[in-house]
Every structure is written in structure tokens, then in C-alpha cells.
>>> print(open('model_37.pdb').read())   # PDB, C-alpha atoms
ATOM      1  CA  MET S 159     -23.810 -11.057 106.442
ATOM      2  CA  GLY S 160     -21.269 -13.740 107.340
ATOM      3  CA  PRO S 161     -18.623 -14.862 104.879
ATOM      4  CA  SER S 162     -19.172 -17.850 102.609
ATOM      5  CA  VAL S 163     -17.290 -21.103 103.164
ATOM      6  CA  GLU S 164     -15.132 -20.206 100.139
ATOM      7  CA  GLU S 165     -14.157 -16.880 101.700
ATOM      8  CA  LYS S 166     -13.433 -18.546 105.038
ATOM      9  CA  SER S 167     -11.241 -21.021 103.178
ATOM     10  CA  VAL S 168      -9.210 -18.142 101.724
ATOM     11  CA  TRP S 169      -8.819 -16.642 105.216
ATOM     12  CA  VAL S 170      -7.627 -20.016 106.533
ATOM     13  CA  GLN S 171      -5.076 -20.300 103.728
ATOM     14  CA  PHE S 172      -3.918 -16.716 104.272
ATOM     15  CA  VAL S 173      -3.450 -17.191 108.014
ATOM     16  CA  GLY S 174      -1.911 -20.669 107.609
ATOM     17  CA  THR S 175       0.576 -19.518 104.976
ATOM     18  CA  THR S 176       1.504 -16.445 107.033
ATOM     19  CA  VAL S 177       2.092 -18.537 110.165
ATOM     20  CA  ALA S 178       4.089 -21.168 108.252
ATOM     21  CA  LEU S 179       6.220 -18.505 106.575
ATOM     22  CA  ALA S 180       6.795 -16.622 109.843
ATOM     23  CA  THR S 181       7.809 -19.864 111.573
ATOM     24  CA  TYR S 182      10.200 -20.762 108.789
ATOM     25  CA  VAL S 183      11.753 -17.272 108.529
ATOM     26  CA  TRP S 184      12.165 -17.082 112.322
ATOM     27  CA  ILE S 185      14.085 -20.363 112.491
ATOM     28  CA  ALA S 186      15.959 -19.986 109.179
ATOM     29  CA  ALA S 187      17.143 -16.472 110.044
ATOM     30  CA  ALA S 188      18.505 -17.707 113.372
ATOM     31  CA  MET S 189      20.296 -20.556 111.582
ATOM     32  CA  TYR S 190      21.791 -18.196 109.021
ATOM     33  CA  MET S 191      23.010 -15.862 111.781
ATOM     34  CA  ARG S 192      24.760 -18.844 113.376
ATOM     35  CA  GLY S 193      26.578 -19.450 110.106
ATOM     36  CA  VAL S 194      24.698 -22.421 108.648
ATOM     37  CA  ASP S 195      25.526 -22.176 104.956
ATOM     38  CA  ARG S 196      24.463 -25.605 103.633
ATOM     39  CA  LEU S 197      20.999 -26.075 102.151
ATOM     40  CA  GLU S 198      20.098 -29.437 103.751
ATOM     41  CA  PRO S 199      19.345 -28.159 107.305
ATOM     42  CA  TYR S 200      16.999 -25.514 105.828
ATOM     43  CA  THR S 201      15.177 -28.208 103.853
ATOM     44  CA  ALA S 202      14.313 -29.984 107.092
ATOM     45  CA  VAL S 203      12.983 -26.743 108.611
ATOM     46  CA  PHE S 204      10.976 -26.099 105.452
ATOM     47  CA  ALA S 205       9.470 -29.596 105.657
ATOM     48  CA  ILE S 206       8.410 -28.901 109.252
ATOM     49  CA  SER S 207       6.828 -25.588 108.231
ATOM     50  CA  VAL S 208       4.885 -27.378 105.478
ATOM     51  CA  VAL S 209       3.588 -29.964 107.975
ATOM     52  CA  TRP S 210       2.606 -27.062 110.263
ATOM     53  CA  LEU S 211       0.797 -25.432 107.328
ATOM     54  CA  VAL S 212      -1.085 -28.632 106.486
ATOM     55  CA  ILE S 213      -2.233 -29.004 110.114
ATOM     56  CA  ILE S 214      -3.497 -25.393 110.177
ATOM     57  CA  LEU S 215      -5.300 -25.884 106.844
ATOM     58  CA  ILE S 216      -7.003 -29.098 107.970
ATOM     59  CA  VAL S 217      -8.159 -27.659 111.310
ATOM     60  CA  GLY S 218      -9.152 -24.349 109.706
ATOM     61  CA  HIS S 219     -11.187 -25.969 106.936
ATOM     62  CA  ILE S 220     -12.954 -28.243 109.393
ATOM     63  CA  LEU S 221     -13.909 -25.190 111.483
ATOM     64  CA  ALA S 222     -15.000 -23.288 108.360
ATOM     65  CA  ALA S 223     -17.144 -26.219 107.240
ATOM     66  CA  VAL S 224     -18.895 -26.751 110.579
ATOM     67  CA  THR S 225     -19.620 -23.034 111.075
ATOM     68  CA  GLY S 226     -21.129 -22.427 107.633
ATOM     69  CA  LYS S 227     -23.462 -23.941 105.084
ATOM     70  CA  HIS S 228     -21.565 -25.831 102.420
ATOM     71  CA  GLU S 229     -22.030 -24.388  98.969
ATOM     72  CA  ASP S 230     -20.124 -25.235  95.834
ATOM     73  CA  GLU S 231     -17.770 -22.696  94.332
ATOM     74  CA  ASP S 232     -19.766 -20.358  92.075
ATOM     75  CA  GLU S 233     -18.922 -17.934  89.264
ATOM     76  CA  ARG S 234     -18.007 -15.106  91.672
ATOM     77  CA  ASP S 235     -15.569 -17.328  93.577
ATOM     78  CA  ARG S 236     -13.958 -18.406  90.303
ATOM     79  CA  MET S 237     -13.736 -14.823  89.011
ATOM     80  CA  ILE S 238     -12.194 -13.606  92.277
ATOM     81  CA  ALA S 239      -9.648 -16.447  92.285
ATOM     82  CA  TRP S 240      -8.761 -15.882  88.631
ATOM     83  CA  ARG S 241      -8.357 -12.113  88.953
ATOM     84  CA  SER S 242      -6.343 -12.410  92.179
ATOM     85  CA  GLU S 243      -3.984 -14.944  90.625
ATOM     86  CA  SER S 244      -3.637 -12.723  87.583
ATOM     87  CA  ASN S 245      -2.739  -9.751  89.820
ATOM     88  CA  SER S 246      -0.158 -11.616  91.884
ATOM     89  CA  SER S 247       1.583 -14.089  89.568
ATOM     90  CA  TRP S 248       4.106 -11.456  88.408
ATOM     91  CA  VAL S 249       5.711 -11.610  91.873
ATOM     92  CA  LEU S 250       6.702 -15.235  91.313
ATOM     93  CA  GLY S 251       7.928 -14.335  87.820
ATOM     94  CA  VAL S 252      10.177 -11.618  89.257
ATOM     95  CA  GLY S 253      11.369 -14.106  91.882
ATOM     96  CA  VAL S 254      12.305 -16.669  89.239
ATOM     97  CA  LEU S 255      14.246 -14.046  87.269
ATOM     98  CA  ALA S 256      15.966 -12.880  90.471
ATOM     99  CA  THR S 257      16.862 -16.510  91.228
ATOM    100  CA  LEU S 258      18.388 -16.918  87.757
ATOM    101  CA  ALA S 259      20.339 -13.689  88.296
ATOM    102  CA  CYS S 260      21.607 -15.055  91.625
ATOM    103  CA  MET S 261      22.736 -18.263  89.920
ATOM    104  CA  VAL S 262      24.539 -16.355  87.182
ATOM    105  CA  GLY S 263      26.063 -14.028  89.782
ATOM    106  CA  SER S 264      27.415 -16.902  91.908
ATOM    107  CA  VAL S 265      25.357 -15.891  94.953
ATOM    108  CA  PRO S 266      25.549 -18.598  97.693
ATOM    109  CA  GLU S 267      23.000 -21.366  97.101
ATOM    110  CA  VAL S 268      21.310 -20.799 100.472
ATOM    111  CA  LEU S 269      20.460 -17.222  99.540
ATOM    112  CA  THR S 270      19.495 -18.180  95.981
ATOM    113  CA  ALA S 271      17.062 -20.831  97.207
ATOM    114  CA  HIS S 272      15.514 -18.376  99.650
ATOM    115  CA  VAL S 273      14.960 -15.741  96.979
ATOM    116  CA  LEU S 274      12.867 -18.320  95.097
ATOM    117  CA  LEU S 275      11.092 -19.565  98.219
ATOM    118  CA  LEU S 276      10.206 -16.087  99.468
ATOM    119  CA  SER S 277       8.913 -15.001  96.060
ATOM    120  CA  LEU S 278       6.701 -18.093  96.002
ATOM    121  CA  TYR S 279       5.309 -17.271  99.444
ATOM    122  CA  ALA S 280       4.943 -13.558  98.576
ATOM    123  CA  SER S 281       3.044 -14.371  95.385
ATOM    124  CA  GLN S 282       0.731 -16.738  97.252
ATOM    125  CA  LEU S 283       0.077 -14.297 100.107
ATOM    126  CA  MET S 284      -0.589 -11.506  97.619
ATOM    127  CA  GLN S 285      -3.121 -13.722  95.849
ATOM    128  CA  TYR S 286      -4.941 -14.465  99.111
ATOM    129  CA  GLY S 287      -4.811 -10.762 100.008
ATOM    130  CA  PHE S 288      -6.466  -9.803  96.713
ATOM    131  CA  GLN S 289      -9.092 -12.509  97.159
ATOM    132  CA  ILE S 290      -9.990 -11.214 100.623
ATOM    133  CA  LEU S 291     -10.069  -7.655  99.300
ATOM    134  CA  TYR S 292     -12.412  -8.611  96.437
ATOM    135  CA  TYR S 293     -14.675 -10.607  98.747
ATOM    136  CA  ARG S 294     -14.911  -7.711 101.216
ATOM    137  CA  ARG S 295     -14.875  -4.659  98.952
ATOM    138  CA  GLY S 296     -16.305  -6.130  95.761
ATOM    139  CA  MET S 297     -14.814  -6.146  92.272
TER     140      MET S 297
ATOM    141  CA  MET E  43     -15.879  16.058  82.265
ATOM    142  CA  GLY E  44     -14.509  13.115  84.229
ATOM    143  CA  LYS E  45     -15.533   9.537  83.555
ATOM    144  CA  LYS E  46     -16.980   7.143  86.093
ATOM    145  CA  LYS E  47     -16.283   3.425  85.993
ATOM    146  CA  PRO E  48     -19.007   1.690  83.938
ATOM    147  CA  LYS E  49     -21.430  -0.065  86.202
ATOM    148  CA  VAL E  50     -24.332  -2.465  85.930
ATOM    149  CA  ARG E  51     -27.199  -1.224  88.076
ATOM    150  CA  ASN E  52     -30.000  -3.541  89.168
ATOM    151  CA  ARG E  53     -33.382  -3.652  90.878
ATOM    152  CA  ILE E  54     -33.028  -7.176  92.242
ATOM    153  CA  ARG E  55     -33.687  -6.306  95.896
ATOM    154  CA  GLU E  56     -36.905  -4.469  95.054
ATOM    155  CA  LEU E  57     -38.163  -7.107  92.605
ATOM    156  CA  ARG E  58     -37.198  -9.954  94.925
ATOM    157  CA  ALA E  59     -39.262  -8.371  97.697
ATOM    158  CA  GLU E  60     -42.220  -8.078  95.308
ATOM    159  CA  CYS E  61     -41.930 -11.800  94.549
ATOM    160  CA  GLY E  62     -41.564 -12.698  98.223
ATOM    161  CA  LEU E  63     -38.225 -14.402  97.635
ATOM    162  CA  THR E  64     -35.329 -14.437 100.078
ATOM    163  CA  GLN E  65     -31.716 -14.103  98.949
ATOM    164  CA  GLN E  66     -31.305 -17.808  99.649
ATOM    165  CA  ASP E  67     -34.355 -18.660  97.476
ATOM    166  CA  LEU E  68     -32.901 -16.678  94.581
ATOM    167  CA  ALA E  69     -29.426 -18.142  95.163
ATOM    168  CA  ASP E  70     -30.851 -21.675  95.043
ATOM    169  CA  ALA E  71     -32.811 -20.858  91.880
ATOM    170  CA  ILE E  72     -29.749 -19.691  89.947
ATOM    171  CA  GLY E  73     -27.125 -21.952  91.523
ATOM    172  CA  VAL E  74     -24.898 -19.464  93.347
ATOM    173  CA  SER E  75     -24.233 -18.755  97.026
ATOM    174  CA  ARG E  76     -26.356 -16.374  99.111
ATOM    175  CA  GLN E  77     -23.277 -14.173  99.486
ATOM    176  CA  THR E  78     -23.041 -13.858  95.709
ATOM    177  CA  VAL E  79     -26.689 -12.758  95.458
ATOM    178  CA  ASN E  80     -25.958 -10.229  98.207
ATOM    179  CA  ALA E  81     -22.877  -8.966  96.311
ATOM    180  CA  ILE E  82     -24.895  -8.643  93.079
ATOM    181  CA  GLU E  83     -27.701  -6.764  94.855
ATOM    182  CA  GLY E  84     -25.180  -4.449  96.462
ATOM    183  CA  GLU E  85     -23.561  -3.890  93.026
ATOM    184  CA  LYS E  86     -20.237  -5.190  94.307
ATOM    185  CA  TYR E  87     -20.204  -7.855  91.614
ATOM    186  CA  SER E  88     -21.592  -7.828  88.067
ATOM    187  CA  PRO E  89     -22.968 -11.280  87.222
ATOM    188  CA  SER E  90     -22.230 -13.178  84.030
ATOM    189  CA  LEU E  91     -24.749 -12.841  81.224
ATOM    190  CA  GLU E  92     -25.994 -16.368  81.917
ATOM    191  CA  ALA E  93     -26.562 -15.621  85.617
ATOM    192  CA  ALA E  94     -28.239 -12.310  84.732
ATOM    193  CA  PHE E  95     -30.732 -14.113  82.469
ATOM    194  CA  GLN E  96     -31.349 -16.699  85.199
ATOM    195  CA  ILE E  97     -32.017 -13.950  87.764
ATOM    196  CA  ALA E  98     -34.431 -12.204  85.427
ATOM    197  CA  ALA E  99     -36.231 -15.496  84.761
ATOM    198  CA  ALA E 100     -36.436 -16.309  88.486
ATOM    199  CA  LEU E 101     -37.980 -12.881  89.094
ATOM    200  CA  GLY E 102     -40.369 -13.265  86.131
ATOM    201  CA  ARG E 103     -39.013 -10.158  84.392
ATOM    202  CA  ARG E 104     -37.173  -9.248  81.234
ATOM    203  CA  LEU E 105     -33.441  -8.703  81.522
ATOM    204  CA  ASP E 106     -33.704  -4.944  80.912
ATOM    205  CA  GLU E 107     -36.307  -4.618  83.663
ATOM    206  CA  VAL E 108     -33.823  -6.021  86.176
ATOM    207  CA  PHE E 109     -30.475  -4.666  84.958
ATOM    208  CA  GLU E 110     -29.419  -1.333  83.578
ATOM    209  CA  TYR E 111     -26.026  -0.473  82.143
ATOM    210  CA  GLU E 112     -24.555   2.847  83.204
ATOM    211  CA  ASP E 113     -22.073   3.716  80.463
ATOM    212  CA  GLY E 114     -19.631   5.701  82.592
ATOM    213  CA  LYS E 115     -20.355   9.128  81.064
ATOM    214  CA  ARG E 116     -21.554  11.758  83.503
ATOM    215  CA  ARG E 117     -25.078  12.822  82.707
TER     216      ARG E 117
END
>>> encode(input="model_37.pdb", output="C-alpha cells")
Amino acid sequence: MGPSVEEKSVWVQFVGTTVALATYVWIAAAMYMRGVDRLEPYTAVFAISVVWLVIILIVGHILAAVTGKHEDEDERDRMIAWRSESNSSWVLGVGVLATLACMVGSVPEVLTAHVLLLSLYASQLMQYGFQILYYRRGM
Amino acid sequence: MGKKKPKVRNRIRELRAECGLTQQDLADAIGVSRQTVNAIEGEKYSPSLEAAFQIAAALGRRLDEVFEYEDGKRR
């Protein structure tokens, strides 16, 4: 049986977020290696990665919609989303605490900002991963 | 003895066939997706109490004729 539109949407978000993160990390790491230590240039790269993500999401959702029958989110979709978020939100919490520790410890602002950003991405990807797992394996 | 995870068993597939309903028919009757009916039939998802009553009503059966609770103790 093929996946529902809701499950396809999660796949699109998982792939889109992974691609956007990989693009950002690839460029940001190269910048950091070249000695860029101000935050502003990274902000521009981040903005580009977000635009890239939005494009992937729009195209992906259009493809998901035209290849499947539209059905509203039901109780299983909501339960899967809720449980996945519950399982993954601690990652962002740890990231926020690590960011505070970086600020207290006078870690350079570029690294501090990236600790927060990467924990946000990691939390989101973990949530999508759990959703896909629950859709495929059951819960 | 070891304990198994509690599980809600069901006879939806068998009863649905008796009624001549497809998964999509049942999904439309209770307001969920066909994939959710498939997951419930395959015991990969335990429906809410409300959905369980709706399924039983759509199949013209009592709740305990459709669902059975396995309490997790080995028999």
C-alpha cells in the first residue's frame, strides 16, 4: 500500500531539511576554515538555505498532492506527530542549555550560534525520523 | 514469566469482508485515511475509543465482537 499524503509530506520535509542543512554546513564549514569569524556572512548563507528549503517543500508538496488522494489529517497522523515531537524535543532543550553554557563560557559567537542552529535542525530531523518510523513500522 | 506489550487485537479484516466493504469504504465511514484503516487492521495502530466505536457501528457489530484486549500476560 502506498503512503498517505501526510506521510509523503513528512518525507518531503525530511529530505528538504536534510538538503538545506547539508548545503548550509558545506558552505559554512568552508567559510569557517577560511577564517570568517563574524556572524553576518553566515546569516546570508542561512537565508539562502532557507529559501532552498522552501523551494524543495513547495515542489515536494505539489508532487505529493498530485500523486495521491488528498485526505485530511486524521487521529493517527496527529498521534504520530505528537509522539515524535515528544521524543525529539529534548534535543533542542539540550541545545539551548549548551548555547547558554557557550555564552557563559565566552565561546566565540559564531560557534555559539551554530550550536543552537544545529540543535534546532537535529531536533527537527529526529522528529521527522520518528514520524517516518511510526508510519512504516507502526506504533 | 516474561511480559508481552499489551495489544488490542481485532477482527476488522474478516468482518469487513463479510460486509463487503473495502478499506476505503470503512475509512470514509469513520473519517480516517485508508492507510489508517490498514494500520488498524494490521494491528500497527490502536484506534481511539471513539474510532473503535465508529468501526464497530460501521460493521454492525458490538465493540467486543470487533476488538479484544490482550493484557500482556503470557497465557
>>> resolve_selection(input="model_37.pdb", expression="the ChimeraX specification (/S :<7) & /E", output="list in words")
Val74, Ser75, Gln77, Thr78, Lys86 and Tyr87 of chain E
>>> resolve_selection(input="model_37.pdb", expression="the PyMOL selection byres ((chain S and resi 244) around 12)", output="list in words")
Met237, Ile238, Ala239, Trp240, Arg241, Ser242, Glu243, Asn245, Ser246, Ser247, Trp248, Val249, Leu250, Gly251, Ser281, Gln282, Met284, Gln285, Tyr286, Phe288 and Gln289 of chain S
>>> resolve_selection(input="model_37.pdb", expression="the PyMOL selection byres ((chain E and resi 54) around 10)", output="PyMOL selection string")
chain E and resi 51-53+55-60+65+68+79-80+82-84+97-98+101+107-109
>>> write_last_selection(input="model_37.pdb", atoms="C-alpha atoms", output="compact mmCIF listing (two decimals), in the frame of the given file")
# COMPACT_ATOMS: atom_id res chain seq x y z
CA ARG E 51 -27.20 -1.22 88.08
CA ASN E 52 -30.00 -3.54 89.17
CA ARG E 53 -33.38 -3.65 90.88
CA ARG E 55 -33.69 -6.31 95.90
CA GLU E 56 -36.90 -4.47 95.05
CA LEU E 57 -38.16 -7.11 92.60
CA ARG E 58 -37.20 -9.95 94.92
CA ALA E 59 -39.26 -8.37 97.70
CA GLU E 60 -42.22 -8.08 95.31
CA GLN E 65 -31.72 -14.10 98.95
CA LEU E 68 -32.90 -16.68 94.58
CA VAL E 79 -26.69 -12.76 95.46
CA ASN E 80 -25.96 -10.23 98.21
CA ILE E 82 -24.90 -8.64 93.08
CA GLU E 83 -27.70 -6.76 94.86
CA GLY E 84 -25.18 -4.45 96.46
CA ILE E 97 -32.02 -13.95 87.76
CA ALA E 98 -34.43 -12.20 85.43
CA LEU E 101 -37.98 -12.88 89.09
CA GLU E 107 -36.31 -4.62 83.66
CA VAL E 108 -33.82 -6.02 86.18
CA PHE E 109 -30.48 -4.67 84.96
>>> residues_around(input="model_37.pdb", residues="S:Ser207", least_positions_apart="3", cutoff="10 Å", atoms="only C-alpha atoms", output="ChimeraX atom specification")
/S:175,177-183,185,201-204,210-213
>>> atom_distance(input="model_37.pdb", atom1="atom CA of S:Leu278", atom2="atom CA of S:Gly253")
7.4 Å
>>> atom_distance(input="model_37.pdb", atom1="atom CA of E:Asp106", atom2="atom CA of E:Ser90")
14.5 Å
>>> atom_distance(input="model_37.pdb", atom1="atom CA of S:Ala186", atom2="atom CA of S:Gln171")
21.7 Å
>>> closest_residue(input="model_37.pdb", among="S:Val209, S:Ala271, S:Val194, S:Ile214", to="S:Val254", atoms="only C-alpha atoms")
S:Ala271
>>> residues_near_point(input="model_37.pdb", point="(-28.0, -18.6, 88.1)", cutoff="8 Å", atoms="all atoms listed in the file", output="list of chain:residue names")
E:Ala69, E:Ala71, E:Ile72, E:Gly73, E:Val74, E:Glu92, E:Ala93, E:Ala94, E:Phe95, E:Gln96, E:Ile97
>>> residues_around(input="model_37.pdb", residues="S:Val268", least_positions_apart="6", cutoff="7 Å", atoms="all atoms listed in the file", output="number ranges by chain")
S: 195-197
